[in-house]
>>> print(open('start.pdb').read())   # PDB, C-alpha atoms
ATOM      1  CA  MET D  30     -33.231 -22.009-160.369
ATOM      2  CA  SER D  31     -31.223 -19.702-162.584
ATOM      3  CA  PRO D  32     -27.888 -18.133-161.585
ATOM      4  CA  THR D  33     -27.771 -14.604-160.209
ATOM      5  CA  ARG D  34     -27.414 -11.915-162.868
ATOM      6  CA  GLN D  35     -27.168  -8.133-163.129
ATOM      7  CA  LEU D  36     -30.595  -6.468-163.346
ATOM      8  CA  PRO D  37     -31.609  -2.984-164.467
ATOM      9  CA  ALA D  38     -31.096  -0.457-161.671
ATOM     10  CA  ALA D  39     -34.730   0.645-161.653
ATOM     11  CA  ALA D  40     -36.037  -2.860-160.987
ATOM     12  CA  VAL D  41     -36.004  -4.613-157.637
ATOM     13  CA  THR D  42     -36.592  -8.360-157.575
ATOM     14  CA  VAL D  43     -37.796  -9.586-154.202
ATOM     15  CA  PRO D  44     -39.439 -12.771-152.945
ATOM     16  CA  HIS D  45     -43.141 -12.311-152.308
ATOM     17  CA  PRO D  46     -44.657 -13.139-148.871
ATOM     18  CA  ALA D  47     -45.685 -16.787-148.537
ATOM     19  CA  ASP D  48     -49.245 -15.873-147.591
ATOM     20  CA  VAL D  49     -49.808 -13.632-150.640
ATOM     21  CA  ARG D  50     -50.465 -15.534-153.838
ATOM     22  CA  PRO D  51     -48.923 -13.914-156.906
ATOM     23  CA  VAL D  52     -50.113 -13.409-160.436
ATOM     24  CA  VAL D  53     -47.927 -15.851-162.374
ATOM     25  CA  VAL D  54     -47.279 -15.231-166.050
ATOM     26  CA  GLY D  55     -45.527 -17.556-168.449
ATOM     27  CA  VAL D  56     -42.852 -15.829-170.523
ATOM     28  CA  ASP D  57     -40.913 -17.225-173.491
ATOM     29  CA  GLY D  58     -39.799 -14.172-175.448
ATOM     30  CA  SER D  59     -42.623 -14.347-177.980
ATOM     31  CA  GLN D  60     -45.121 -11.643-178.869
ATOM     32  CA  ALA D  61     -47.834 -13.813-177.312
ATOM     33  CA  SER D  62     -46.070 -13.863-173.942
ATOM     34  CA  ASP D  63     -45.492 -10.079-174.149
ATOM     35  CA  ARG D  64     -49.254  -9.579-174.457
ATOM     36  CA  ALA D  65     -49.811 -11.917-171.518
ATOM     37  CA  LEU D  66     -47.173 -10.061-169.502
ATOM     38  CA  ASP D  67     -48.826  -6.687-170.133
ATOM     39  CA  TRP D  68     -52.177  -8.092-168.969
ATOM     40  CA  ALA D  69     -50.568  -9.665-165.897
ATOM     41  CA  ILE D  70     -48.803  -6.412-164.955
ATOM     42  CA  ASP D  71     -52.115  -4.551-165.085
ATOM     43  CA  GLU D  72     -53.882  -7.247-163.036
ATOM     44  CA  ALA D  73     -51.165  -7.366-160.373
ATOM     45  CA  GLN D  74     -51.049  -3.580-160.046
ATOM     46  CA  ARG D  75     -54.807  -3.180-159.876
ATOM     47  CA  ARG D  76     -55.147  -5.798-157.152
ATOM     48  CA  GLY D  77     -51.959  -5.049-155.241
ATOM     49  CA  LEU D  78     -50.487  -8.518-155.813
ATOM     50  CA  PRO D  79     -46.905  -9.593-156.472
ATOM     51  CA  LEU D  80     -46.019 -10.669-159.990
ATOM     52  CA  GLN D  81     -44.008 -13.766-160.820
ATOM     53  CA  LEU D  82     -42.331 -14.339-164.164
ATOM     54  CA  LEU D  83     -42.051 -18.026-165.007
ATOM     55  CA  HIS D  84     -39.839 -19.244-167.828
ATOM     56  CA  ALA D  85     -39.795 -23.004-168.452
ATOM     57  CA  ARG D  86     -37.762 -24.731-171.092
ATOM     58  CA  GLU D  87     -37.110 -28.309-172.057
ATOM     59  CA  VAL D  88     -33.574 -29.487-172.708
ATOM     60  CA  LEU D  89     -32.475 -28.658-176.270
ATOM     61  CA  ALA D  90     -35.750 -26.787-176.827
ATOM     62  CA  TYR D  91     -33.934 -23.704-178.024
ATOM     63  CA  SER D  92     -32.100 -25.519-180.776
ATOM     64  CA  ALA D  93     -35.407 -25.954-182.591
ATOM     65  CA  SER D  94     -37.059 -22.704-181.484
ATOM     66  CA  VAL D  95     -39.011 -20.635-183.980
ATOM     67  CA  LEU D  96     -39.575 -17.666-181.693
ATOM     68  CA  PRO D  97     -39.652 -14.382-183.662
ATOM     69  CA  VAL D  98     -36.865 -12.828-181.596
ATOM     70  CA  ASP D  99     -33.131 -12.252-181.768
ATOM     71  CA  PRO D 100     -31.723 -13.462-178.426
ATOM     72  CA  VAL D 101     -28.411 -12.385-176.959
ATOM     73  CA  GLY D 102     -27.237 -15.981-177.238
ATOM     74  CA  TRP D 103     -28.911 -19.386-177.471
ATOM     75  CA  ASP D 104     -26.528 -20.777-174.857
ATOM     76  CA  ASP D 105     -27.805 -18.227-172.329
ATOM     77  CA  PRO D 106     -31.622 -18.279-172.255
ATOM     78  CA  GLN D 107     -31.592 -15.705-169.455
ATOM     79  CA  TRP D 108     -32.373 -13.134-172.159
ATOM     80  CA  VAL D 109     -36.036 -14.201-171.845
ATOM     81  CA  LEU D 110     -36.317 -13.270-168.170
ATOM     82  CA  GLN D 111     -34.114 -10.210-168.647
ATOM     83  CA  ALA D 112     -36.366  -8.912-171.414
ATOM     84  CA  ALA D 113     -39.498  -9.583-169.369
ATOM     85  CA  HIS D 114     -37.951  -7.936-166.314
ATOM     86  CA  ALA D 115     -37.083  -4.865-168.366
ATOM     87  CA  ARG D 116     -40.669  -4.714-169.646
ATOM     88  CA  VAL D 117     -42.032  -4.756-166.093
ATOM     89  CA  THR D 118     -39.539  -2.074-165.068
ATOM     90  CA  ALA D 119     -40.638   0.164-167.931
ATOM     91  CA  LEU D 120     -44.370  -0.265-167.345
ATOM     92  CA  ALA D 121     -44.541  -0.650-163.565
ATOM     93  CA  PRO D 122     -41.230   0.189-161.832
ATOM     94  CA  GLU D 123     -42.720  -0.217-158.343
ATOM     95  CA  GLN D 124     -44.201  -3.656-158.996
ATOM     96  CA  VAL D 125     -43.147  -6.373-156.548
ATOM     97  CA  LEU D 126     -41.530  -8.980-158.751
ATOM     98  CA  ALA D 127     -40.207 -12.519-158.512
ATOM     99  CA  GLU D 128     -38.704 -14.716-161.196
ATOM    100  CA  LYS D 129     -38.263 -18.420-161.811
ATOM    101  CA  ASP D 130     -36.432 -20.315-164.523
ATOM    102  CA  VAL D 131     -37.357 -24.009-164.809
ATOM    103  CA  LEU D 132     -35.052 -26.271-166.805
ATOM    104  CA  GLY D 133     -36.082 -29.601-168.295
ATOM    105  CA  THR D 134     -39.829 -29.120-167.815
ATOM    106  CA  PRO D 135     -42.525 -28.287-170.378
ATOM    107  CA  ALA D 136     -44.070 -24.847-169.893
ATOM    108  CA  SER D 137     -47.531 -26.296-169.289
ATOM    109  CA  THR D 138     -46.259 -28.566-166.505
ATOM    110  CA  ALA D 139     -44.354 -25.739-164.819
ATOM    111  CA  LEU D 140     -47.372 -23.418-164.934
ATOM    112  CA  ILE D 141     -49.758 -26.088-163.627
ATOM    113  CA  THR D 142     -47.367 -26.803-160.762
ATOM    114  CA  ALA D 143     -47.115 -23.075-159.988
ATOM    115  CA  SER D 144     -50.913 -22.735-160.021
ATOM    116  CA  SER D 145     -51.233 -24.464-156.638
ATOM    117  CA  ARG D 146     -49.560 -21.443-155.056
ATOM    118  CA  ALA D 147     -50.826 -18.714-157.400
ATOM    119  CA  ASP D 148     -53.768 -16.344-157.384
ATOM    120  CA  THR D 149     -53.994 -16.329-161.189
ATOM    121  CA  ILE D 150     -52.068 -17.873-164.064
ATOM    122  CA  VAL D 151     -51.746 -15.748-167.209
ATOM    123  CA  VAL D 152     -50.632 -17.333-170.457
ATOM    124  CA  GLY D 153     -50.371 -16.087-174.004
ATOM    125  CA  ALA D 154     -51.709 -18.169-176.878
ATOM    126  CA  ARG D 155     -50.053 -18.390-180.251
ATOM    127  CA  LYS D 156     -52.303 -19.332-183.154
ATOM    128  CA  HIS D 157     -50.690 -22.267-184.937
ATOM    129  CA  GLY D 158     -53.412 -23.623-187.227
ATOM    130  CA  ASN D 159     -57.071 -23.998-188.024
ATOM    131  CA  LEU D 160     -58.052 -27.293-186.419
ATOM    132  CA  GLY D 161     -58.331 -28.694-182.909
ATOM    133  CA  ALA D 162     -55.840 -27.795-180.227
ATOM    134  CA  ALA D 163     -53.572 -26.188-182.816
ATOM    135  CA  LEU D 164     -56.012 -23.296-183.064
ATOM    136  CA  LEU D 165     -55.265 -22.223-179.491
ATOM    137  CA  GLY D 166     -51.935 -23.838-178.701
ATOM    138  CA  SER D 167     -51.406 -26.937-176.617
ATOM    139  CA  THR D 168     -49.712 -25.157-173.703
ATOM    140  CA  SER D 169     -52.544 -22.670-173.174
ATOM    141  CA  LEU D 170     -55.209 -25.339-173.462
ATOM    142  CA  ARG D 171     -53.504 -27.749-171.080
ATOM    143  CA  VAL D 172     -52.910 -25.063-168.459
ATOM    144  CA  ALA D 173     -56.515 -23.848-168.703
ATOM    145  CA  SER D 174     -57.720 -27.426-168.324
ATOM    146  CA  HIS D 175     -55.636 -28.481-165.333
ATOM    147  CA  ALA D 176     -54.541 -25.453-163.291
ATOM    148  CA  ALA D 177     -55.579 -25.215-159.647
ATOM    149  CA  CYS D 178     -56.432 -21.504-159.859
ATOM    150  CA  PRO D 179     -58.105 -19.219-162.412
ATOM    151  CA  VAL D 180     -56.306 -19.075-165.757
ATOM    152  CA  VAL D 181     -56.482 -16.098-168.116
ATOM    153  CA  VAL D 182     -55.631 -16.861-171.737
ATOM    154  CA  ILE D 183     -54.550 -13.929-173.898
ATOM    155  CA  ARG D 184     -54.900 -14.624-177.607
ATOM    156  CA  ASP D 185     -53.487 -12.648-180.526
ATOM    157  CA  LEU D 186     -56.466 -10.381-181.089
ATOM    158  CA  PRO D 187     -57.078  -6.729-181.971
ATOM    159  CA  PRO D 188     -58.256  -4.613-179.020
ATOM    160  CA  VAL D 189     -61.989  -4.142-178.536
ATOM    161  CA  THR D 190     -62.973  -0.650-179.699
ATOM    162  CA  GLY D 191     -66.127   1.379-180.157
ATOM    163  CA  SER D 192     -68.020  -0.069-177.191
ATOM    164  CA  THR D 193     -68.324   0.397-173.429
ATOM    165  CA  PRO D 194     -65.832  -1.861-171.589
ATOM    166  CA  ARG D 195     -67.555  -4.709-169.776
ATOM    167  CA  ILE D 196     -67.037  -8.227-168.448
ATOM    168  CA  VAL D 197     -69.117 -11.154-169.710
ATOM    169  CA  VAL D 198     -69.718 -14.342-167.724
ATOM    170  CA  GLY D 199     -71.430 -17.528-168.865
ATOM    171  CA  VAL D 200     -73.710 -19.327-166.412
ATOM    172  CA  ASP D 201     -75.838 -22.467-166.503
ATOM    173  CA  GLY D 202     -77.249 -22.663-162.980
ATOM    174  CA  SER D 203     -74.563 -25.104-161.791
ATOM    175  CA  PRO D 204     -72.105 -24.744-158.873
ATOM    176  CA  THR D 205     -69.372 -24.413-161.503
ATOM    177  CA  SER D 206     -70.961 -21.253-162.814
ATOM    178  CA  ASP D 207     -71.273 -19.978-159.229
ATOM    179  CA  ASP D 208     -67.483 -19.933-159.078
ATOM    180  CA  ALA D 209     -67.348 -18.135-162.416
ATOM    181  CA  LEU D 210     -69.893 -15.606-161.115
ATOM    182  CA  ALA D 211     -67.824 -14.964-157.983
ATOM    183  CA  TYR D 212     -64.746 -14.274-160.096
ATOM    184  CA  ALA D 213     -66.629 -12.112-162.613
ATOM    185  CA  PHE D 214     -68.357  -9.971-159.981
ATOM    186  CA  ASP D 215     -65.068  -9.476-158.118
ATOM    187  CA  ARG D 216     -63.229  -8.388-161.271
ATOM    188  CA  ALA D 217     -66.063  -6.144-162.429
ATOM    189  CA  ASP D 218     -66.075  -4.466-159.015
ATOM    190  CA  ALA D 219     -62.288  -4.043-158.982
ATOM    191  CA  GLN D 220     -62.255  -2.529-162.468
ATOM    192  CA  GLY D 221     -65.441  -0.472-162.133
ATOM    193  CA  LEU D 222     -67.013  -2.245-165.108
ATOM    194  CA  PRO D 223     -70.548  -3.440-165.830
ATOM    195  CA  LEU D 224     -71.182  -7.183-165.927
ATOM    196  CA  THR D 225     -73.201  -9.086-168.524
ATOM    197  CA  VAL D 226     -74.490 -12.487-167.383
ATOM    198  CA  VAL D 227     -75.251 -14.825-170.289
ATOM    199  CA  HIS D 228     -77.356 -17.970-170.040
ATOM    200  CA  ALA D 229     -78.239 -19.541-173.379
ATOM    201  CA  TRP D 230     -80.979 -22.169-173.516
ATOM    202  CA  PRO D 231     -82.574 -24.363-176.252
ATOM    203  CA  GLY D 232     -85.780 -22.429-176.842
ATOM    204  CA  ASP D 233     -87.033 -24.352-179.865
ATOM    205  CA  LEU D 234     -86.172 -27.661-178.231
ATOM    206  CA  THR D 235     -88.475 -26.746-175.358
ATOM    207  CA  VAL D 236     -91.328 -26.236-177.811
ATOM    208  CA  GLU D 237     -90.570 -29.513-179.571
ATOM    209  CA  ILE D 238     -90.476 -31.512-176.348
ATOM    210  CA  MET D 239     -93.823 -30.099-175.247
ATOM    211  CA  ARG D 240     -95.291 -30.782-178.721
ATOM    212  CA  VAL D 241     -97.292 -27.579-178.731
ATOM    213  CA  THR D 242     -99.072 -26.154-181.750
ATOM    214  CA  GLU D 243     -97.712 -23.165-183.671
ATOM    215  CA  ALA D 244    -100.601 -21.102-182.339
ATOM    216  CA  ILE D 245     -99.196 -21.161-178.809
ATOM    217  CA  ALA D 246     -95.513 -21.807-179.567
ATOM    218  CA  ASP D 247     -94.538 -18.156-179.059
ATOM    219  CA  GLU D 248     -96.355 -18.073-175.727
ATOM    220  CA  VAL D 249     -94.548 -21.207-174.602
ATOM    221  CA  ARG D 250     -91.190 -19.762-175.630
ATOM    222  CA  ALA D 251     -91.930 -16.521-173.774
ATOM    223  CA  ALA D 252     -92.998 -18.380-170.640
ATOM    224  CA  ALA D 253     -89.900 -20.592-170.796
ATOM    225  CA  ALA D 254     -87.657 -17.564-171.303
ATOM    226  CA  ASN D 255     -89.203 -15.847-168.283
ATOM    227  CA  ALA D 256     -88.559 -18.975-166.230
ATOM    228  CA  GLN D 257     -84.929 -18.993-167.353
ATOM    229  CA  ILE D 258     -84.544 -15.319-166.419
ATOM    230  CA  ALA D 259     -86.080 -15.936-162.990
ATOM    231  CA  ALA D 260     -83.712 -18.839-162.345
ATOM    232  CA  ILE D 261     -80.627 -16.845-163.301
ATOM    233  CA  GLN D 262     -81.768 -13.797-161.330
ATOM    234  CA  ALA D 263     -82.100 -16.070-158.293
ATOM    235  CA  GLN D 264     -78.628 -17.477-158.876
ATOM    236  CA  ILE D 265     -76.960 -14.066-159.108
ATOM    237  CA  ALA D 266     -78.990 -12.451-156.291
ATOM    238  CA  PRO D 267     -76.373 -13.160-153.560
ATOM    239  CA  TRP D 268     -73.645 -11.633-155.696
ATOM    240  CA  ARG D 269     -75.721  -8.550-156.432
ATOM    241  CA  LEU D 270     -76.138  -8.056-152.697
ATOM    242  CA  ARG D 271     -72.406  -8.433-152.152
ATOM    243  CA  PHE D 272     -71.484  -6.138-155.056
ATOM    244  CA  PRO D 273     -74.384  -3.640-155.242
ATOM    245  CA  GLN D 274     -72.284  -1.111-157.174
ATOM    246  CA  VAL D 275     -71.753  -3.454-160.148
ATOM    247  CA  PRO D 276     -74.271  -2.792-162.951
ATOM    248  CA  VAL D 277     -75.653  -6.142-164.149
ATOM    249  CA  GLN D 278     -77.344  -7.101-167.398
ATOM    250  CA  VAL D 279     -78.889 -10.573-167.775
ATOM    251  CA  LEU D 280     -79.201 -12.129-171.225
ATOM    252  CA  VAL D 281     -81.011 -15.429-171.871
ATOM    253  CA  PRO D 282     -80.773 -15.975-175.636
ATOM    254  CA  ALA D 283     -82.395 -19.077-177.079
ATOM    255  CA  GLY D 284     -79.584 -20.874-178.838
ATOM    256  CA  ASP D 285     -76.117 -22.354-178.551
ATOM    257  CA  PRO D 286     -74.236 -21.272-175.376
ATOM    258  CA  GLN D 287     -70.791 -21.110-176.969
ATOM    259  CA  GLN D 288     -72.088 -19.082-179.911
ATOM    260  CA  ALA D 289     -73.797 -16.659-177.538
ATOM    261  CA  LEU D 290     -70.629 -16.151-175.475
ATOM    262  CA  VAL D 291     -68.420 -15.746-178.535
ATOM    263  CA  GLU D 292     -70.810 -13.137-179.954
ATOM    264  CA  GLU D 293     -70.845 -11.218-176.665
ATOM    265  CA  SER D 294     -67.051 -11.392-176.475
ATOM    266  CA  ALA D 295     -66.792  -9.167-179.543
ATOM    267  CA  THR D 296     -67.654  -6.149-177.362
ATOM    268  CA  ALA D 297     -66.159  -7.320-174.048
ATOM    269  CA  THR D 298     -62.811  -6.861-172.324
ATOM    270  CA  LEU D 299     -62.950 -10.268-170.613
ATOM    271  CA  VAL D 300     -65.122 -13.388-170.844
ATOM    272  CA  VAL D 301     -65.354 -15.635-167.778
ATOM    273  CA  VAL D 302     -66.278 -19.319-168.022
ATOM    274  CA  GLY D 303     -66.197 -22.200-165.571
ATOM    275  CA  SER D 304     -64.410 -25.522-165.836
ATOM    276  CA  ARG D 305     -65.877 -28.800-164.644
ATOM    277  CA  GLY D 306     -63.279 -29.683-162.041
ATOM    278  CA  LEU D 307     -61.060 -32.722-161.881
ATOM    279  CA  GLY D 308     -61.008 -35.209-164.709
ATOM    280  CA  SER D 309     -58.668 -37.335-166.793
ATOM    281  CA  VAL D 310     -59.784 -36.403-170.307
ATOM    282  CA  ARG D 311     -58.948 -32.881-171.484
ATOM    283  CA  GLY D 312     -62.257 -32.048-173.154
ATOM    284  CA  MET D 313     -64.338 -33.535-170.355
ATOM    285  CA  PHE D 314     -62.222 -31.698-167.766
ATOM    286  CA  LEU D 315     -62.603 -28.274-169.257
ATOM    287  CA  GLY D 316     -66.052 -28.659-170.834
ATOM    288  CA  SER D 317     -66.871 -28.292-174.499
ATOM    289  CA  ILE D 318     -68.399 -24.824-174.120
ATOM    290  CA  SER D 319     -65.423 -23.421-172.207
ATOM    291  CA  GLU D 320     -62.980 -24.937-174.672
ATOM    292  CA  ALA D 321     -64.892 -23.538-177.654
ATOM    293  CA  VAL D 322     -64.909 -20.066-176.076
ATOM    294  CA  LEU D 323     -61.145 -20.289-175.514
ATOM    295  CA  HIS D 324     -60.661 -21.054-179.190
ATOM    296  CA  HIS D 325     -62.996 -18.455-180.656
ATOM    297  CA  ALA D 326     -63.561 -15.556-178.227
ATOM    298  CA  HIS D 327     -62.629 -12.064-179.423
ATOM    299  CA  CYS D 328     -61.106 -11.007-176.085
ATOM    300  CA  PRO D 329     -59.134 -12.544-173.188
ATOM    301  CA  VAL D 330     -60.839 -15.505-171.482
ATOM    302  CA  ALA D 331     -60.690 -16.417-167.788
ATOM    303  CA  VAL D 332     -61.294 -20.066-166.929
ATOM    304  CA  VAL D 333     -62.350 -20.598-163.313
ATOM    305  CA  ARG D 334     -62.296 -24.068-161.802
ATOM    306  CA  PRO D 335     -64.576 -25.193-158.936
ATOM    307  CA  THR D 336     -63.471 -24.420-155.383
ATOM    308  CA  GLY D 337     -65.922 -26.599-153.503
ATOM    309  CA  PRO D 338     -65.216 -29.492-151.104
ATOM    310  CA  GLY D 339     -62.674 -31.914-152.409
ATOM    311  CA  ASP D 340     -60.847 -29.409-154.621
TER     312      ASP D 340
END
>>> encode(input="start.pdb", output="structure tokens")
Amino acid sequence: MSPTRQLPAAAVTVPHPADVRPVVVGVDGSQASDRALDWAIDEAQRRGLPLQLLHAREVLAYSASVLPVDPVGWDDPQWVLQAAHARVTALAPEQVLAEKDVLGTPASTALITASSRADTIVVGARKHGNLGAALLGSTSLRVASHAACPVVVIRDLPPVTGSTPRIVVGVDGSPTSDDALAYAFDRADAQGLPLTVVHAWPGDLTVEIMRVTEAIADEVRAAAANAQIAAIQAQIAPWRLRFPQVPVQVLVPAGDPQQALVEESATATLVVVGSRGLGSVRGMFLGSISEAVLHHAHCPVAVVRPTGPGD
């Protein structure tokens, strides 16, 4: 833990109750973490949760840092938490706040460890390149893949404008997407937003497998689409009963699921996807669709892991 320091008079740092899980946000002084912090402040305030600032740094990490900031001094990395604390004070002076400085541990490891006692992990993503994990950033991807609670990744994107705010959730009929639905309905209800449920399916593949003639291909596609809609309506029925005030739109486009979700994200404030649960290989753990959405979505993405028996 970091040594005690003088804090701005308007801010009060207090430990949060053990039975209330905080919104934990990773901060490192970058513009990406500032965006994540702003999102986390809004989430914590809206839901009445404490906020925890987590700053992790490996030994000698600052000597090679390329952060676009001018710190008070490299030998005193407390400027990161001080700056984040000041930002919280300015935006939400009454916010219950806790702080943690972890030395000698990668940020991803510290955030994953914190996730076992957190309500939500929020992390900013810096765009480093055009291929693979570099597109999103290794820290964000690793945390989204292995955290024990929902993870919201905030990428460097322009705000969505010119459309009605809404939340989008991807479903596939599996228990994993049930967890994503629970999260999406809860957030839509809390924010007073409509919810769009997206289930993409291989329409043309269905026609090919059935080997139907062109004369009845459209009828087969229509019948298959209706079956898909019925299945998804049945899956979301319990959540509609629980959250009757949430307006729901169901989309079942015939095509690639990740493309459908990325397209819908262009006019959304949040996209929610599920992860596959425990696993040893990053891509298999997170799921190719969820990982692709993290890389390419036009808005923040929430990754929700399963919460069933054994988790």
>>> resolve_selection(input="start.pdb", expression="the PyMOL selection byres ((chain D and resi 215) around 12)", output="compact mmCIF listing (two decimals) with C-alpha atoms, in the coordinates of the input")
# COMPACT_ATOMS: atom_id res chain seq x y z
CA ARG D 76 -55.15 -5.80 -157.15
CA ILE D 196 -67.04 -8.23 -168.45
CA VAL D 198 -69.72 -14.34 -167.72
CA ASP D 208 -67.48 -19.93 -159.08
CA ALA D 209 -67.35 -18.14 -162.42
CA LEU D 210 -69.89 -15.61 -161.12
CA ALA D 211 -67.82 -14.96 -157.98
CA TYR D 212 -64.75 -14.27 -160.10
CA ALA D 213 -66.63 -12.11 -162.61
CA PHE D 214 -68.36 -9.97 -159.98
CA ARG D 216 -63.23 -8.39 -161.27
CA ALA D 217 -66.06 -6.14 -162.43
CA ASP D 218 -66.08 -4.47 -159.01
CA ALA D 219 -62.29 -4.04 -158.98
CA GLN D 220 -62.26 -2.53 -162.47
CA GLY D 221 -65.44 -0.47 -162.13
CA LEU D 222 -67.01 -2.24 -165.11
CA PRO D 223 -70.55 -3.44 -165.83
CA LEU D 224 -71.18 -7.18 -165.93
CA TRP D 268 -73.64 -11.63 -155.70
CA ARG D 269 -75.72 -8.55 -156.43
CA ARG D 271 -72.41 -8.43 -152.15
CA PHE D 272 -71.48 -6.14 -155.06
CA PRO D 273 -74.38 -3.64 -155.24
CA GLN D 274 -72.28 -1.11 -157.17
CA VAL D 275 -71.75 -3.45 -160.15
CA VAL D 301 -65.35 -15.64 -167.78
>>> resolve_selection(input="start.pdb", expression="the PyMOL selection byres ((chain D and resi 53-69) around 8)", output="ChimeraX atom specification")
/D:51-52,70-73,80-85,96-98,109-110,112-113,136,140,143-144,147-155,182-185
>>> write_last_selection(input="start.pdb", atoms="C-alpha atoms", output="CSV table (one decimal), keeping the file's coordinate frame")
chain,number,residue,atom,x,y,z
D,51,PRO,CA,-48.9,-13.9,-156.9
D,52,VAL,CA,-50.1,-13.4,-160.4
D,70,ILE,CA,-48.8,-6.4,-165.0
D,71,ASP,CA,-52.1,-4.6,-165.1
D,72,GLU,CA,-53.9,-7.2,-163.0
D,73,ALA,CA,-51.2,-7.4,-160.4
D,80,LEU,CA,-46.0,-10.7,-160.0
D,81,GLN,CA,-44.0,-13.8,-160.8
D,82,LEU,CA,-42.3,-14.3,-164.2
D,83,LEU,CA,-42.1,-18.0,-165.0
D,84,HIS,CA,-39.8,-19.2,-167.8
D,85,ALA,CA,-39.8,-23.0,-168.5
D,96,LEU,CA,-39.6,-17.7,-181.7
D,97,PRO,CA,-39.7,-14.4,-183.7
D,98,VAL,CA,-36.9,-12.8,-181.6
D,109,VAL,CA,-36.0,-14.2,-171.8
D,110,LEU,CA,-36.3,-13.3,-168.2
D,112,ALA,CA,-36.4,-8.9,-171.4
D,113,ALA,CA,-39.5,-9.6,-169.4
D,136,ALA,CA,-44.1,-24.8,-169.9
D,140,LEU,CA,-47.4,-23.4,-164.9
D,143,ALA,CA,-47.1,-23.1,-160.0
D,144,SER,CA,-50.9,-22.7,-160.0
D,147,ALA,CA,-50.8,-18.7,-157.4
D,148,ASP,CA,-53.8,-16.3,-157.4
D,149,THR,CA,-54.0,-16.3,-161.2
D,150,ILE,CA,-52.1,-17.9,-164.1
D,151,VAL,CA,-51.7,-15.7,-167.2
D,152,VAL,CA,-50.6,-17.3,-170.5
D,153,GLY,CA,-50.4,-16.1,-174.0
D,154,ALA,CA,-51.7,-18.2,-176.9
D,155,ARG,CA,-50.1,-18.4,-180.3
D,182,VAL,CA,-55.6,-16.9,-171.7
D,183,ILE,CA,-54.6,-13.9,-173.9
D,184,ARG,CA,-54.9,-14.6,-177.6
D,185,ASP,CA,-53.5,-12.6,-180.5
>>> resolve_selection(input="start.pdb", expression="the PyMOL selection byres ((chain D and resi 323) around 12)", output="count of residues only")
49
>>> atom_distance(input="start.pdb", atom1="atom CA of Ala263 of chain D", atom2="atom CA of Pro276 of chain D")
16.1 Å
>>> residues_around(input="start.pdb", residues="Gln264 of chain D", least_positions_apart="4", cutoff="12 Å", atoms="only C-alpha atoms", output="MDAnalysis selection string")
chainID D and resid 200:211 226 228 257:260 268:270 279
>>> atom_distance(input="start.pdb", atom1="atom CA of Val131 of chain D", atom2="atom CA of Val49 of chain D")
21.5 Å
>>> atom_distance(input="start.pdb", atom1="atom CA of Thr168 of chain D", atom2="atom CA of Thr134 of chain D")
12.2 Å
>>> closest_residue(input="start.pdb", among="D:Val277, D:Ile141, D:Val125, D:Val197", to="Pro179 of chain D", atoms="all atoms listed in the file")
D:Ile141
>>> axis_aligned_box(input="start.pdb", around="segment 109-114 of chain D", padding_each_side="5 Å", output="lines of an AutoDock Vina configuration file")
center_x = -36.8
center_y = -11.1
center_z = -169.1
size_x = 15.4
size_y = 16.3
size_z = 15.5
>>> decode(input="start.pdb", residues="segment 250-260 of chain D", atoms="N, CA and C atoms", output="short mmCIF file (atom, residue, chain, number, x, y, z; two decimals), in the first residue's frame")
data_model
loop_
_atom_site.label_atom_id
_atom_site.label_comp_id
_atom_site.auth_asym_id
_atom_site.auth_seq_id
_atom_site.Cartn_x
_atom_site.Cartn_y
_atom_site.Cartn_z
N ARG D 250 -36.12 -19.51 -45.51
CA ARG D 250 -35.43 -18.50 -44.72
C ARG D 250 -36.39 -17.79 -43.76
N ALA D 251 -37.57 -17.46 -44.27
CA ALA D 251 -38.57 -16.77 -43.44
C ALA D 251 -39.01 -17.65 -42.27
N ALA D 252 -39.25 -18.93 -42.57
CA ALA D 252 -39.66 -19.86 -41.51
C ALA D 252 -38.56 -20.02 -40.47
N ALA D 253 -37.30 -20.12 -40.95
CA ALA D 253 -36.18 -20.27 -40.03
C ALA D 253 -36.00 -19.02 -39.18
N ALA D 254 -36.18 -17.85 -39.80
CA ALA D 254 -36.06 -16.59 -39.06
C ALA D 254 -37.13 -16.50 -37.98
N ASN D 255 -38.35 -16.91 -38.31
CA ASN D 255 -39.43 -16.89 -37.33
C ASN D 255 -39.13 -17.82 -36.16
N ALA D 256 -38.51 -18.96 -36.48
CA ALA D 256 -38.14 -19.90 -35.42
C ALA D 256 -37.06 -19.29 -34.51
N GLN D 257 -36.11 -18.59 -35.12
CA GLN D 257 -35.07 -17.93 -34.34
C GLN D 257 -35.68 -16.86 -33.42
N ILE D 258 -36.60 -16.07 -33.97
CA ILE D 258 -37.26 -15.03 -33.17
C ILE D 258 -38.01 -15.65 -32.00
N ALA D 259 -38.74 -16.74 -32.27
CA ALA D 259 -39.50 -17.39 -31.21
C ALA D 259 -38.58 -17.90 -30.10
N ALA D 260 -37.44 -18.46 -30.49
CA ALA D 260 -36.50 -18.98 -29.49
C ALA D 260 -35.93 -17.86 -28.63
#
